[in-house]
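Trainee: Hey, dropping my_file_0.csv in here, CSV, C-alpha atoms:
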```csv
chain,number,residue,atom,x,y,z
E,236,MET,CA,7.4,-32.8,-49.8
E,237,ASN,CA,7.7,-29.3,-48.8
E,238,TRP,CA,5.9,-28.5,-45.5
E,239,TYR,CA,4.5,-25.2,-46.7
E,240,VAL,CA,2.9,-26.8,-49.8
E,241,PHE,CA,1.2,-29.3,-47.6
E,242,LEU,CA,-0.1,-26.6,-45.3
E,243,GLU,CA,-1.4,-24.6,-48.3
E,244,GLY,CA,-3.3,-27.7,-49.5
E,245,VAL,CA,-4.8,-28.1,-46.0
E,246,ILE,CA,-5.9,-24.5,-45.9
E,247,SER,CA,-7.3,-24.7,-49.4
E,248,VAL,CA,-9.3,-27.8,-48.6
E,249,LEU,CA,-10.7,-26.2,-45.4
E,250,LEU,CA,-11.7,-23.1,-47.4
E,251,ILE,CA,-13.5,-25.0,-50.1
E,252,ALA,CA,-15.2,-27.3,-47.5
E,253,GLY,CA,-16.3,-24.2,-45.5
E,254,GLY,CA,-17.8,-22.5,-48.6
E,255,ALA,CA,-19.5,-25.7,-49.7
E,256,PHE,CA,-21.1,-26.3,-46.3
E,257,ALA,CA,-22.3,-22.7,-46.0
E,258,PHE,CA,-23.8,-23.0,-49.5
E,259,ILE,CA,-25.5,-26.2,-48.7
E,260,GLY,CA,-27.0,-24.7,-45.6
E,261,SER,CA,-28.4,-21.7,-47.4
E,262,LEU,CA,-29.6,-24.0,-50.2
E,263,GLY,CA,-31.6,-25.9,-47.7
E,264,MET,CA,-33.0,-22.7,-46.2
E,265,ALA,CA,-34.1,-21.5,-49.7
E,266,HIS,CA,-35.4,-24.9,-50.9
E,267,LEU,CA,-37.2,-26.7,-48.1
E,268,ARG,CA,-40.9,-26.4,-47.6
E,269,ASP,CA,-41.8,-25.3,-44.1
E,270,PHE,CA,-40.2,-23.3,-41.4
E,271,TYR,CA,-39.4,-26.3,-39.1
E,272,MET,CA,-37.5,-27.9,-42.0
E,273,ARG,CA,-35.8,-24.7,-43.0
E,274,LEU,CA,-34.4,-24.2,-39.5
E,275,HIS,CA,-32.2,-27.3,-40.0
E,276,GLY,CA,-30.0,-26.0,-42.8
E,277,PRO,CA,-28.5,-22.8,-41.4
E,278,THR,CA,-28.2,-23.9,-37.8
E,279,LYS,CA,-26.0,-26.9,-38.5
E,280,ALA,CA,-24.4,-26.8,-42.0
E,281,THR,CA,-23.7,-23.1,-42.0
E,282,THR,CA,-22.2,-23.2,-38.5
E,283,LEU,CA,-19.9,-26.0,-39.6
E,284,GLY,CA,-18.9,-24.1,-42.8
E,285,ILE,CA,-18.0,-20.9,-40.9
E,286,GLY,CA,-16.0,-23.0,-38.4
E,287,CYS,CA,-14.0,-24.5,-41.3
E,288,ILE,CA,-13.3,-21.1,-42.8
E,289,LEU,CA,-12.2,-19.6,-39.5
E,290,ILE,CA,-9.9,-22.5,-38.8
E,291,ALA,CA,-8.4,-22.0,-42.3
E,292,SER,CA,-7.8,-18.3,-41.5
E,293,MET,CA,-6.2,-19.2,-38.1
E,294,LEU,CA,-3.9,-21.7,-39.8
E,295,TYR,CA,-2.9,-19.2,-42.5
E,296,PHE,CA,-2.0,-16.4,-40.2
E,297,GLY,CA,-0.3,-18.8,-37.8
E,298,VAL,CA,1.9,-20.1,-40.6
E,299,THR,CA,2.7,-16.6,-42.0
E,300,ALA,CA,3.4,-15.1,-38.6
E,301,GLY,CA,5.4,-18.1,-37.4
E,302,GLN,CA,3.6,-18.3,-34.1
E,303,PRO,CA,0.1,-19.6,-33.2
E,304,VAL,CA,-2.8,-17.2,-33.6
E,305,VAL,CA,-5.8,-17.8,-31.4
E,306,GLN,CA,-7.9,-14.7,-32.1
E,307,GLU,CA,-10.1,-16.5,-34.7
E,308,MET,CA,-10.8,-19.1,-32.1
E,309,LEU,CA,-12.8,-16.4,-30.3
E,310,ILE,CA,-15.3,-16.0,-33.2
E,311,THR,CA,-15.5,-19.8,-33.7
E,312,LEU,CA,-16.3,-20.4,-30.0
E,313,PHE,CA,-18.8,-17.5,-29.9
E,314,LEU,CA,-20.6,-18.7,-33.0
E,315,PHE,CA,-20.7,-22.3,-31.8
E,316,ILE,CA,-22.1,-21.2,-28.5
E,317,THR,CA,-24.7,-18.8,-29.9
E,318,ALA,CA,-26.0,-20.8,-32.9
E,319,PRO,CA,-28.0,-23.3,-30.8
E,320,VAL,CA,-29.4,-20.5,-28.6
E,321,SER,CA,-30.7,-18.5,-31.6
E,322,ALA,CA,-32.0,-21.7,-33.2
E,323,HIS,CA,-33.9,-22.6,-30.0
E,324,LEU,CA,-35.4,-19.1,-29.8
E,325,LEU,CA,-36.4,-19.2,-33.5
E,326,ALA,CA,-38.1,-22.6,-33.1
E,327,LYS,CA,-39.9,-21.3,-30.1
E,328,THR,CA,-41.1,-18.3,-32.0
E,329,GLY,CA,-42.3,-20.5,-34.9
E,330,LEU,CA,-44.2,-22.6,-32.4
E,331,HIS,CA,-45.7,-19.6,-30.7
E,332,LEU,CA,-46.9,-18.1,-34.0
E,333,LYS,CA,-48.3,-21.5,-35.0
E,334,LEU,CA,-46.7,-21.6,-38.4
E,335,LYS,CA,-48.1,-24.0,-41.0
E,336,HIS,CA,-46.2,-27.3,-41.5
E,337,VAL,CA,-46.4,-29.9,-44.2
E,338,GLU,CA,-47.7,-33.4,-43.3
E,339,LYS,CA,-44.4,-35.0,-43.6
E,340,THR,CA,-42.9,-33.0,-40.8
E,341,ARG,CA,-42.7,-35.5,-38.0
E,342,GLY,CA,-43.9,-34.6,-34.6
E,343,LYS,CA,-46.5,-32.1,-33.8
E,344,PRO,CA,-45.8,-28.6,-32.4
E,345,VAL,CA,-46.1,-28.9,-28.6
E,346,GLU,CA,-48.4,-26.6,-26.7
E,347,LEU,CA,-46.5,-23.9,-24.9
E,348,TYR,CA,-47.4,-23.2,-21.3
E,349,ARG,CA,-49.5,-20.0,-21.0
E,350,GLU,CA,-46.8,-18.5,-18.8
E,351,GLU,CA,-44.3,-18.8,-21.6
E,352,VAL,CA,-46.2,-16.7,-24.1
E,353,GLY,CA,-47.1,-14.0,-21.7
E,354,GLU,CA,-50.8,-14.7,-21.3
E,355,LYS,CA,-50.5,-15.5,-17.6
E,356,PRO,CA,-47.9,-14.2,-15.1
E,357,VAL,CA,-45.3,-16.6,-13.9
E,358,PRO,CA,-46.5,-18.0,-10.6
E,359,HIS,CA,-44.6,-17.2,-7.4
E,360,PRO,CA,-45.7,-19.6,-4.6
E,361,ASP,CA,-44.1,-17.5,-1.9
E,362,ARG,CA,-46.1,-14.5,-2.9
E,363,GLY,CA,-49.5,-16.1,-2.6
E,364,HIS,CA,-50.0,-17.3,-6.2
E,365,ASP,CA,-50.8,-21.0,-6.7
H,253,MET,CA,-3.6,-23.0,-55.1
H,254,LEU,CA,-4.7,-20.7,-52.3
H,255,ASP,CA,-5.9,-18.1,-54.7
H,256,THR,CA,-8.1,-20.6,-56.6
H,257,ALA,CA,-9.5,-22.0,-53.4
H,258,LEU,CA,-10.3,-18.4,-52.3
H,259,TRP,CA,-12.1,-17.7,-55.6
H,260,ILE,CA,-14.2,-20.9,-55.4
H,261,SER,CA,-15.1,-20.3,-51.7
H,262,GLN,CA,-16.0,-16.7,-52.3
H,263,ALA,CA,-18.2,-17.6,-55.2
H,264,LEU,CA,-20.0,-20.3,-53.1
H,265,ILE,CA,-20.5,-17.8,-50.2
H,266,LEU,CA,-21.9,-15.2,-52.7
H,267,MET,CA,-24.4,-17.7,-54.0
H,268,ALA,CA,-25.4,-18.5,-50.5
H,269,LEU,CA,-25.9,-14.8,-49.8
H,270,SER,CA,-28.1,-14.5,-52.8
H,271,LEU,CA,-30.2,-17.5,-51.7
H,272,ASN,CA,-30.6,-15.8,-48.3
H,273,VAL,CA,-31.8,-12.6,-49.9
H,274,TYR,CA,-34.3,-14.6,-51.9
H,275,ARG,CA,-35.6,-16.2,-48.7
H,276,MET,CA,-35.7,-12.9,-47.0
H,277,ILE,CA,-37.8,-11.3,-49.8
H,278,VAL,CA,-40.1,-14.3,-50.4
H,279,GLY,CA,-40.3,-15.7,-46.9
H,280,PRO,CA,-44.0,-16.1,-46.0
H,281,SER,CA,-43.7,-15.4,-42.3
H,282,MET,CA,-41.7,-13.3,-40.0
H,283,PRO,CA,-39.5,-16.1,-38.4
H,284,ASP,CA,-38.5,-17.1,-41.9
H,285,ARG,CA,-37.1,-13.6,-42.6
H,286,LEU,CA,-35.4,-13.6,-39.3
H,287,LEU,CA,-33.8,-16.9,-40.0
H,288,ALA,CA,-32.6,-15.6,-43.4
H,289,LEU,CA,-31.1,-12.5,-41.7
H,290,ASP,CA,-29.4,-14.7,-39.1
H,291,THR,CA,-27.8,-16.9,-41.8
H,292,MET,CA,-26.9,-13.8,-43.7
H,293,TYR,CA,-24.7,-12.4,-41.0
H,294,VAL,CA,-23.0,-15.7,-40.5
H,295,ASN,CA,-22.2,-15.8,-44.3
H,296,SER,CA,-21.0,-12.2,-44.2
H,297,ILE,CA,-18.6,-13.1,-41.4
H,298,ALA,CA,-17.2,-15.7,-43.7
H,299,LEU,CA,-16.9,-13.2,-46.5
H,300,ILE,CA,-15.1,-10.7,-44.3
H,301,VAL,CA,-12.7,-13.3,-43.0
H,302,MET,CA,-11.8,-14.4,-46.5
H,303,MET,CA,-11.3,-10.7,-47.5
H,304,GLY,CA,-8.7,-10.5,-44.7
H,305,LEU,CA,-7.1,-13.7,-46.1
H,306,TRP,CA,-7.1,-12.1,-49.6
H,307,LEU,CA,-5.5,-8.8,-48.5
H,308,ASN,CA,-3.2,-10.6,-46.0
H,309,THR,CA,-4.2,-8.3,-43.1
H,310,LYS,CA,-5.7,-8.9,-39.7
H,311,THR,CA,-7.6,-5.6,-39.6
H,312,TYR,CA,-10.9,-7.2,-40.5
H,313,PHE,CA,-10.9,-9.6,-37.5
H,314,GLU,CA,-12.5,-7.0,-35.2
H,315,ALA,CA,-15.2,-6.3,-37.8
H,316,ALA,CA,-16.1,-10.0,-37.9
H,317,LEU,CA,-16.3,-10.2,-34.1
H,318,LEU,CA,-18.5,-7.2,-33.9
H,319,ILE,CA,-20.9,-8.6,-36.6
H,320,ALA,CA,-21.0,-11.9,-34.7
H,321,MET,CA,-22.0,-10.2,-31.4
H,322,LEU,CA,-24.4,-7.7,-32.8
H,323,GLY,CA,-26.1,-10.3,-35.0
H,324,PHE,CA,-26.7,-12.6,-32.1
H,325,ILE,CA,-28.0,-9.9,-29.9
H,326,SER,CA,-30.4,-8.6,-32.6
H,327,THR,CA,-31.7,-12.0,-33.4
H,328,VAL,CA,-32.5,-12.6,-29.8
H,329,ALA,CA,-34.1,-9.2,-29.5
H,330,VAL,CA,-36.4,-9.7,-32.5
H,331,CYS,CA,-37.2,-13.3,-31.3
H,332,LYS,CA,-38.1,-11.9,-27.9
H,333,TYR,CA,-40.3,-9.2,-29.5
H,334,LEU,CA,-42.2,-11.8,-31.6
H,335,LEU,CA,-42.5,-14.2,-28.6
H,336,ARG,CA,-43.7,-11.8,-25.9
H,337,GLY,CA,-44.6,-8.5,-27.7
H,338,ASP,CA,-42.0,-6.7,-25.7
H,339,ILE,CA,-38.2,-6.9,-25.5
H,340,ILE,CA,-37.4,-5.7,-21.9
H,341,GLU,CA,-40.2,-6.4,-19.5
```
How does the structure come out when it is put into structure tokens?

Mentor:
Amino acid sequence: MNWYVFLEGVISVLLIAGGAFAFIGSLGMAHLRDFYMRLHGPTKATTLGIGCILIASMLYFGVTAGQPVVQEMLITLFLFITAPVSAHLLAKTGLHLKLKHVEKTRGKPVELYREEVGEKPVPHPDRGHD
Amino acid sequence: MLDTALWISQALILMALSLNVYRMIVGPSMPDRLLALDTMYVNSIALIVMMGLWLNTKTYFEAALLIAMLGFISTVAVCKYLLRGDIIE
């Protein structure tokens, strides 16, 4: 079998898988019932989908240029690093605003420390605070 | 084969973007809208990368990188504003 036909198949499968994962993530975000559930879809499925699409693009330009291309790896790495950080901040914001959650959501929103929501200054023991 | 895959994938991403717009309009609270916006920029990166594949050019890579960085920074800034009432203290 021709090598290029095989690579084209791999790229096509990666593209369709990426689109499907991104769609499933957005479907979860539009369909689920409370904010803590909705946070699951985009942070995991959509990140995986965009990783698939960027790897497909990297493969395509690597094959057509005849040498490995690593620029798309930059976006992939950046997104894979920043997605958990923004998800953590969004979850913390939802807990801080005390959003409603359905009964089936397991676990209760934990209480944040008063220092974390700005009601009390962060204590500095060496400056005389307790 | 690649053209068909690009068509299918772009249609899926377009449907995902319309779902994000729905959540951003309907979303009952502010973090919901922020989450929809966060997902929207990730999906638009996918759309731009696929446009680069379609036109067979690498010009759009920088645009995708810029959207990734500015999207993350703006998400963090709005989260910080909702969490503390201030961005830079």

Trainee: Please measure the separation of CA of Thr311 (chain E) and CA of Leu267 (chain E), giving the value in Å to one decimal.

Mentor: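 According to the coordinates, CA of Thr311 (chain E) and CA of Leu267 (chain E) are separated by 26.9 Å.
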
Trainee: To one decimal place in Å, what is the distance between CA of Gly276 (chain E) and CA of Leu335 (chain H)?

Mentor: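 Between these atoms lies a distance of 22.3 Å.
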
Trainee: Considering all atoms listed in the file, tabulate each residue of chain E that lies at most 6 Å from chain H along with its nearest interatomic pair and the corresponding distance in Å to one decimal; arrange the rows by chain and ascending residue number and present them as CSV.

Mentor:
```
residue,atom,partner,partner_atom,distance
E:Ser247,CA,H:Ala257,CA,5.3
E:Ile251,CA,H:Ser261,CA,5.2
E:Gly254,CA,H:Ser261,CA,4.7
E:Phe258,CA,H:Ala268,CA,4.9
E:Ser261,CA,H:Ala268,CA,5.4
E:Ala265,CA,H:Arg275,CA,5.6
E:Pro277,CA,H:Thr291,CA,6.0
E:Ile285,CA,H:Ala298,CA,6.0
E:Ile310,CA,H:Leu317,CA,6.0
E:Thr328,CA,H:Leu335,CA,5.5
E:Val352,CA,H:Arg336,CA,5.8
E:Gly353,CA,H:Arg336,CA,5.8
```

Trainee: Expressed in Å to a single decimal, how great is the separation between CA of Leu289 (chain E) and CA of Gln306 (chain E)?

Mentor: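 Spanning CA of Leu289 (chain E) to CA of Gln306 (chain E) is a straight-line distance of 9.9 Å.
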
Trainee: Which residues are close to Ile290 (chain E), i.e. within 9 Å by only C-alpha atoms, leaving aside same-chain residues fewer than 6 positions away? Reply as number ranges by chain.

Mentor: E: 246, 249-250, 307-308, 311

Trainee: Would you save the residues of that selection, restricted to C-alpha atoms, as an mmCIF file, keeping the file's coordinate frame?

Mentor:
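Generated file (part_20.cif):
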```
data_model
loop_
_atom_site.group_PDB
_atom_site.id
_atom_site.type_symbol
_atom_site.label_atom_id
_atom_site.label_comp_id
_atom_site.auth_asym_id
_atom_site.auth_seq_id
_atom_site.Cartn_x
_atom_site.Cartn_y
_atom_site.Cartn_z
ATOM 1 C CA ILE E 246 -5.900 -24.500 -45.900
ATOM 2 C CA LEU E 249 -10.700 -26.200 -45.400
ATOM 3 C CA LEU E 250 -11.700 -23.100 -47.400
ATOM 4 C CA GLU E 307 -10.100 -16.500 -34.700
ATOM 5 C CA MET E 308 -10.800 -19.100 -32.100
ATOM 6 C CA THR E 311 -15.500 -19.800 -33.700
#
```

Trainee: If you count all atoms listed in the file, which residues fall within 10 Å of Ala318 (chain E), apart from same-chain ones fewer than 2 positions away, as a list in words?

Mentor: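 Listed by chain and then number, they are Pro277, Thr278, Lys279, Thr281, Thr282, Phe313, Leu314, Phe315, Ile316, Val320, Ser321, Ala322 and His323 of chain E; Asp290, Thr291, Val294 and Phe324 of chain H.
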
Trainee: For a quick check of understanding, using all atoms listed in the file, which of E:Val305, E:Met272, E:Phe296, E:Leu325 has the smallest distance to Trp306 (chain H)?

Mentor: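 For Trp306 (chain H), the nearest of the candidates is E:Phe296.
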
Trainee: Complete region 263-287 of chain H at the level of N, CA, C and O atoms, written as a compact mmCIF listing (two decimals), in the frame of the given file.

Mentor:
```
# COMPACT_ATOMS: atom_id res chain seq x y z
N ALA H 263 -17.07 -17.49 -54.30
CA ALA H 263 -18.20 -17.60 -55.20
C ALA H 263 -19.34 -18.41 -54.52
O ALA H 263 -20.53 -18.06 -54.61
N LEU H 264 -18.96 -19.47 -53.77
CA LEU H 264 -20.00 -20.30 -53.10
C LEU H 264 -20.70 -19.42 -52.02
O LEU H 264 -21.92 -19.47 -51.89
N ILE H 265 -19.92 -18.60 -51.27
CA ILE H 265 -20.50 -17.80 -50.20
C ILE H 265 -21.44 -16.73 -50.86
O ILE H 265 -22.51 -16.40 -50.32
N LEU H 266 -21.03 -16.23 -52.03
CA LEU H 266 -21.90 -15.20 -52.70
C LEU H 266 -23.18 -15.83 -53.14
O LEU H 266 -24.26 -15.22 -52.98
N MET H 267 -23.13 -17.06 -53.66
CA MET H 267 -24.40 -17.70 -54.00
C MET H 267 -25.24 -17.97 -52.81
O MET H 267 -26.48 -17.81 -52.85
N ALA H 268 -24.61 -18.33 -51.69
CA ALA H 268 -25.40 -18.50 -50.50
C ALA H 268 -26.05 -17.25 -50.02
O ALA H 268 -27.21 -17.26 -49.61
N LEU H 269 -25.33 -16.12 -50.15
CA LEU H 269 -25.90 -14.80 -49.80
C LEU H 269 -27.11 -14.48 -50.65
O LEU H 269 -28.12 -13.96 -50.17
N SER H 270 -27.00 -14.80 -51.97
CA SER H 270 -28.10 -14.50 -52.80
C SER H 270 -29.34 -15.35 -52.51
O SER H 270 -30.48 -14.89 -52.57
N LEU H 271 -29.09 -16.61 -52.12
CA LEU H 271 -30.20 -17.50 -51.70
C LEU H 271 -30.85 -16.91 -50.42
O LEU H 271 -32.07 -16.94 -50.27
N ASN H 272 -30.01 -16.37 -49.51
CA ASN H 272 -30.60 -15.80 -48.30
C ASN H 272 -31.43 -14.58 -48.60
O ASN H 272 -32.49 -14.41 -48.00
N VAL H 273 -30.98 -13.76 -49.57
CA VAL H 273 -31.80 -12.60 -49.90
C VAL H 273 -33.11 -13.02 -50.54
O VAL H 273 -34.16 -12.44 -50.25
N TYR H 274 -33.05 -14.10 -51.37
CA TYR H 274 -34.30 -14.60 -51.90
C TYR H 274 -35.25 -15.04 -50.82
O TYR H 274 -36.43 -14.68 -50.84
N ARG H 275 -34.76 -15.77 -49.83
CA ARG H 275 -35.60 -16.20 -48.70
C ARG H 275 -36.15 -15.04 -47.93
O ARG H 275 -37.27 -15.05 -47.44
N MET H 276 -35.31 -14.01 -47.81
CA MET H 276 -35.70 -12.90 -47.00
C MET H 276 -36.82 -12.07 -47.71
O MET H 276 -37.69 -11.51 -47.06
N ILE H 277 -36.79 -12.04 -49.04
CA ILE H 277 -37.80 -11.30 -49.80
C ILE H 277 -39.11 -12.17 -49.86
O ILE H 277 -40.22 -11.68 -49.63
N VAL H 278 -38.95 -13.46 -50.17
CA VAL H 278 -40.10 -14.30 -50.40
C VAL H 278 -40.77 -14.76 -49.12
O VAL H 278 -42.00 -14.80 -49.02
N GLY H 279 -39.90 -15.07 -48.12
CA GLY H 279 -40.30 -15.70 -46.90
C GLY H 279 -41.72 -15.44 -46.41
O GLY H 279 -42.04 -14.30 -46.16
N PRO H 280 -42.58 -16.44 -46.27
CA PRO H 280 -44.00 -16.10 -46.00
C PRO H 280 -44.25 -15.60 -44.60
O PRO H 280 -45.26 -14.94 -44.40
N SER H 281 -43.36 -15.87 -43.66
CA SER H 281 -43.70 -15.40 -42.30
C SER H 281 -42.47 -14.67 -41.73
O SER H 281 -41.39 -14.64 -42.29
N MET H 282 -42.71 -14.07 -40.59
CA MET H 282 -41.70 -13.30 -40.00
C MET H 282 -40.47 -14.12 -39.47
O MET H 282 -39.32 -13.72 -39.70
N PRO H 283 -40.66 -15.26 -38.81
CA PRO H 283 -39.50 -16.10 -38.40
C PRO H 283 -38.65 -16.52 -39.60
O PRO H 283 -37.44 -16.66 -39.46
N ASP H 284 -39.28 -16.73 -40.77
CA ASP H 284 -38.50 -17.10 -41.90
C ASP H 284 -37.50 -15.97 -42.30
O ASP H 284 -36.33 -16.22 -42.58
N ARG H 285 -38.02 -14.74 -42.29
CA ARG H 285 -37.10 -13.60 -42.60
C ARG H 285 -36.05 -13.44 -41.58
O ARG H 285 -34.90 -13.11 -41.90
N LEU H 286 -36.41 -13.70 -40.34
CA LEU H 286 -35.40 -13.60 -39.30
C LEU H 286 -34.34 -14.63 -39.41
O LEU H 286 -33.15 -14.34 -39.22
N LEU H 287 -34.76 -15.84 -39.78
CA LEU H 287 -33.80 -16.90 -40.00
C LEU H 287 -32.87 -16.59 -41.17
O LEU H 287 -31.66 -16.81 -41.10
```
